[in-house]
Amino acid sequence: MNLIAIIGIAVQLSIFLSVLSFGMQATLDDIMYLFRRPGQLVRALLSIFVIMFIFVALMVRLFDLNPVVKVALVALAVSPVPPLLPNKALKSGGERSFTFGLLAAVSLLSVIVVPLAFTIINSVFNRQATFSELAVIKTILTSVVLPLVIGMLIRYFAPDFAERVAGTVGKIAMIVLIAAFLPILIVLLPVLWSLIGDGTILAIIAFAIVGVTAGHYLGGPDPNDRTVLALATTSRHPAIAIALASANMGETEAKLAAAAIILYLVVSGIVVTPYLNWLTGGKAREKQEAV
């Protein structure tokens, strides 16, 4: 087994443990939250999939980007919310039911959205991308649905145990992720460097800004829901995005696509930080005024 395969297993293990931790904290009402609120669900899907897809479609048509980067951006636009979203959203003050409900709804519906989006891509951009729908379903099931169900079952049958270990499991997941992520950066560093200065950074920044803006204004009147949807629209599942982008590509192109997606993860985190700081400052001012 080579280093890349080991790193891939470590990333999958980290995601599994992270979602397992969230499952130990979630209830069935949390998971069904958005399915019982179709208006919020439609706005969330509009923000995460429709607006971002339209924006990327326009960007790849209008700007002279590397063709592989264009494919990577499209893959990001149709990839679902990452399993690590709840950790970031809850830390930013997001409401738990909306956060878990959004993760569940978008992950399940992406089984329909992703194949449909790539059918549109093939017809509009005249690109025949071969990817396995079963592979997408398998990734969603193993990285989101299965650990979430296991975690919820643990919570149901052993609530005290779940309460005690959920936080520890989440910390282990982050340690494993960091340990796996650093070698990936080292391996892809030369490829990442090749993307600097060719317009890729500007395209990625624009993608992140549009995501934050769309999520914020479609999140509804509740500031916490706005925060969660803004983060969700900006965040993307890296494993699915890389799998979709690298379909029907050679090894060199696949590395470039993976590098562009990882670069997006880094840059989007930087772009989102001022937004979260602005929200934190606004909440602090509201508390002071209330006092």
# chains A, B, ... in the order shown; residues from 1 in each chain; ligands from 1
$ residues_around --residues "A:Lys70" --least-positions-apart "4" --cutoff "9 Å" --atoms "only C-alpha atoms" --output "PDB file with all heavy atoms, in the first residue's frame"
ATOM      1  N   VAL A  56     -20.542  29.570 -11.506  1.00  0.00           N
ATOM      2  CA  VAL A  56     -19.367  28.881 -12.055  1.00  0.00           C
ATOM      3  C   VAL A  56     -19.516  28.679 -13.558  1.00  0.00           C
ATOM      4  O   VAL A  56     -18.547  28.821 -14.321  1.00  0.00           O
ATOM      5  CB  VAL A  56     -19.147  27.539 -11.331  1.00  0.00           C
ATOM      6  CG1 VAL A  56     -18.135  26.680 -12.084  1.00  0.00           C
ATOM      7  CG2 VAL A  56     -18.660  27.775  -9.914  1.00  0.00           C
ATOM      8  N   ALA A  57     -20.720  28.351 -14.009  1.00  0.00           N
ATOM      9  CA  ALA A  57     -20.950  28.162 -15.449  1.00  0.00           C
ATOM     10  C   ALA A  57     -20.621  29.440 -16.218  1.00  0.00           C
ATOM     11  O   ALA A  57     -19.983  29.400 -17.279  1.00  0.00           O
ATOM     12  CB  ALA A  57     -22.397  27.751 -15.701  1.00  0.00           C
ATOM     13  N   MET A  59     -18.584  31.836 -15.130  1.00  0.00           N
ATOM     14  CA  MET A  59     -17.164  32.130 -14.958  1.00  0.00           C
ATOM     15  C   MET A  59     -16.299  31.312 -15.922  1.00  0.00           C
ATOM     16  O   MET A  59     -15.364  31.832 -16.520  1.00  0.00           O
ATOM     17  CB  MET A  59     -16.750  31.863 -13.501  1.00  0.00           C
ATOM     18  CG  MET A  59     -15.356  32.354 -13.163  1.00  0.00           C
ATOM     19  SD  MET A  59     -15.082  32.543 -11.388  1.00  0.00           S
ATOM     20  CE  MET A  59     -15.526  30.902 -10.791  1.00  0.00           C
ATOM     21  N   VAL A  60     -16.623  30.028 -16.075  1.00  0.00           N
ATOM     22  CA  VAL A  60     -15.802  29.206 -16.968  1.00  0.00           C
ATOM     23  C   VAL A  60     -16.055  29.548 -18.437  1.00  0.00           C
ATOM     24  O   VAL A  60     -15.213  29.275 -19.294  1.00  0.00           O
ATOM     25  CB  VAL A  60     -16.049  27.698 -16.720  1.00  0.00           C
ATOM     26  CG1 VAL A  60     -15.709  27.328 -15.293  1.00  0.00           C
ATOM     27  CG2 VAL A  60     -17.465  27.292 -17.068  1.00  0.00           C
ATOM     28  N   LEU A  65      -9.500  30.434 -18.045  1.00  0.00           N
ATOM     29  CA  LEU A  65      -8.836  29.670 -16.997  1.00  0.00           C
ATOM     30  C   LEU A  65      -8.314  28.357 -17.570  1.00  0.00           C
ATOM     31  O   LEU A  65      -8.740  27.917 -18.646  1.00  0.00           O
ATOM     32  CB  LEU A  65      -9.813  29.374 -15.857  1.00  0.00           C
ATOM     33  CG  LEU A  65     -10.401  30.587 -15.121  1.00  0.00           C
ATOM     34  CD1 LEU A  65     -11.512  30.133 -14.180  1.00  0.00           C
ATOM     35  CD2 LEU A  65      -9.325  31.328 -14.344  1.00  0.00           C
ATOM     36  N   ASN A  66      -7.413  27.734 -16.834  1.00  0.00           N
ATOM     37  CA  ASN A  66      -6.941  26.407 -17.205  1.00  0.00           C
ATOM     38  C   ASN A  66      -8.142  25.464 -17.291  1.00  0.00           C
ATOM     39  O   ASN A  66      -8.978  25.435 -16.390  1.00  0.00           O
ATOM     40  CB  ASN A  66      -5.941  25.911 -16.150  1.00  0.00           C
ATOM     41  CG  ASN A  66      -5.299  24.584 -16.533  1.00  0.00           C
ATOM     42  OD1 ASN A  66      -5.970  23.601 -16.820  1.00  0.00           O
ATOM     43  ND2 ASN A  66      -3.984  24.555 -16.521  1.00  0.00           N
ATOM     44  N   VAL A  74     -16.342  23.493 -11.409  1.00  0.00           N
ATOM     45  CA  VAL A  74     -17.671  22.921 -11.633  1.00  0.00           C
ATOM     46  C   VAL A  74     -17.935  21.794 -10.637  1.00  0.00           C
ATOM     47  O   VAL A  74     -19.028  21.676 -10.071  1.00  0.00           O
ATOM     48  CB  VAL A  74     -17.808  22.416 -13.081  1.00  0.00           C
ATOM     49  CG1 VAL A  74     -19.115  21.654 -13.255  1.00  0.00           C
ATOM     50  CG2 VAL A  74     -17.754  23.582 -14.061  1.00  0.00           C
ATOM     51  N   ALA A  75     -16.916  20.953 -10.414  1.00  0.00           N
ATOM     52  CA  ALA A  75     -17.058  19.861  -9.454  1.00  0.00           C
ATOM     53  C   ALA A  75     -17.330  20.394  -8.052  1.00  0.00           C
ATOM     54  O   ALA A  75     -18.153  19.845  -7.311  1.00  0.00           O
ATOM     55  CB  ALA A  75     -15.800  18.994  -9.456  1.00  0.00           C
ATOM     56  N   ALA A 257      -6.238  19.036 -10.724  1.00  0.00           N
ATOM     57  CA  ALA A 257      -7.613  19.229 -10.244  1.00  0.00           C
ATOM     58  C   ALA A 257      -7.676  19.114  -8.724  1.00  0.00           C
ATOM     59  O   ALA A 257      -8.317  19.929  -8.049  1.00  0.00           O
ATOM     60  CB  ALA A 257      -8.541  18.198 -10.887  1.00  0.00           C
TER      61      ALA A 257
END
$ residues_around --residues "stretch 43-48 of chain A" --least-positions-apart "6" --cutoff "12 Å" --atoms "only C-alpha atoms" --output "JSON, numbers by chain"
{"A": [34, 35, 37, 54, 55, 76, 77, 78, 79, 80, 81, 82, 98, 99, 101, 102, 103, 105, 106, 107, 108, 109, 110, 113, 207, 208, 210, 211, 212, 213, 214, 215, 216, 217, 218, 219, 220, 225, 226, 227, 228, 229, 230, 231, 232, 233, 234, 235, 236, 237]}
$ write_last_selection --atoms "C-alpha atoms" --output "CSV table (one decimal), in the first residue's frame"
chain,number,residue,atom,x,y,z
A,34,LEU,CA,-35.4,21.0,7.1
A,35,PHE,CA,-37.6,18.3,5.6
A,37,ARG,CA,-39.6,23.2,6.6
A,54,ILE,CA,-24.9,29.2,-12.5
A,55,PHE,CA,-22.0,31.5,-11.2
A,76,LEU,CA,-16.9,22.1,-6.4
A,77,ALA,CA,-20.2,23.8,-7.4
A,78,VAL,CA,-22.1,20.5,-7.5
A,79,SER,CA,-20.4,18.8,-4.5
A,80,PRO,CA,-22.5,18.5,-1.4
A,81,VAL,CA,-21.8,20.0,2.1
A,82,PRO,CA,-18.8,18.4,3.8
A,98,PHE,CA,-30.7,23.7,11.3
A,99,THR,CA,-27.0,22.6,11.0
A,101,GLY,CA,-30.8,19.1,9.1
A,102,LEU,CA,-28.9,20.9,6.4
A,103,LEU,CA,-26.1,18.4,6.4
A,105,ALA,CA,-30.9,17.0,3.5
A,106,VAL,CA,-28.2,18.2,1.2
A,107,SER,CA,-26.2,15.0,1.5
A,108,LEU,CA,-29.2,12.8,0.6
A,109,LEU,CA,-30.5,15.0,-2.2
A,110,SER,CA,-27.0,15.2,-3.7
A,113,VAL,CA,-28.4,16.6,-7.8
A,207,PHE,CA,-16.5,31.6,-5.7
A,208,ALA,CA,-16.1,31.9,-2.0
A,210,VAL,CA,-20.5,34.6,-3.9
A,211,GLY,CA,-21.1,31.5,-1.7
A,212,VAL,CA,-21.0,33.5,1.6
A,213,THR,CA,-23.2,36.3,0.1
A,214,ALA,CA,-25.8,33.9,-1.3
A,215,GLY,CA,-26.0,31.9,1.9
A,216,HIS,CA,-26.2,35.0,4.1
A,217,TYR,CA,-29.1,36.5,2.2
A,218,LEU,CA,-31.0,33.3,1.6
A,219,GLY,CA,-30.6,32.1,5.2
A,220,GLY,CA,-33.7,33.8,6.3
A,225,ASP,CA,-29.4,30.3,10.1
A,226,ARG,CA,-27.8,32.8,7.9
A,227,THR,CA,-24.4,32.0,9.3
A,228,VAL,CA,-24.9,28.2,8.8
A,229,LEU,CA,-26.1,28.6,5.2
A,230,ALA,CA,-23.3,31.0,4.3
A,231,LEU,CA,-20.7,28.5,5.6
A,232,ALA,CA,-22.5,25.6,3.9
A,233,THR,CA,-22.7,27.3,0.6
A,234,THR,CA,-19.0,28.1,0.7
A,235,SER,CA,-17.9,24.7,2.0
A,236,ARG,CA,-17.7,21.7,-0.3
A,237,HIS,CA,-17.1,18.0,0.1
$ atom_distance --atom1 "atom CA of A:Tyr264" --atom2 "atom CA of A:Ala241"
11.0 Å
$ residues_around --residues "A:Lys171" --least-positions-apart "5" --cutoff "9 Å" --atoms "only C-alpha atoms" --output "number ranges by chain"
A: 18, 166, 176
$ write_last_selection --atoms "C-alpha atoms" --output "mmCIF file, in the first residue's frame"
data_model
loop_
_atom_site.group_PDB
_atom_site.id
_atom_site.type_symbol
_atom_site.label_atom_id
_atom_site.label_comp_id
_atom_site.auth_asym_id
_atom_site.auth_seq_id
_atom_site.Cartn_x
_atom_site.Cartn_y
_atom_site.Cartn_z
ATOM 1 C CA SER A 18 -16.202 13.446 12.848
ATOM 2 C CA ALA A 166 -18.648 12.623 21.604
ATOM 3 C CA VAL A 176 -6.244 12.383 12.176
#
$ closest_residue --among "A:Ala260, A:Leu17, A:Val266, A:Val50" --to "A:Val191" --atoms "only C-alpha atoms"
A:Ala260
$ residues_around --residues "A:Gly23" --least-positions-apart "6" --cutoff "9 Å" --atoms "only C-alpha atoms" --output "VMD selection string"
chain A and resid 100 147 to 155 166
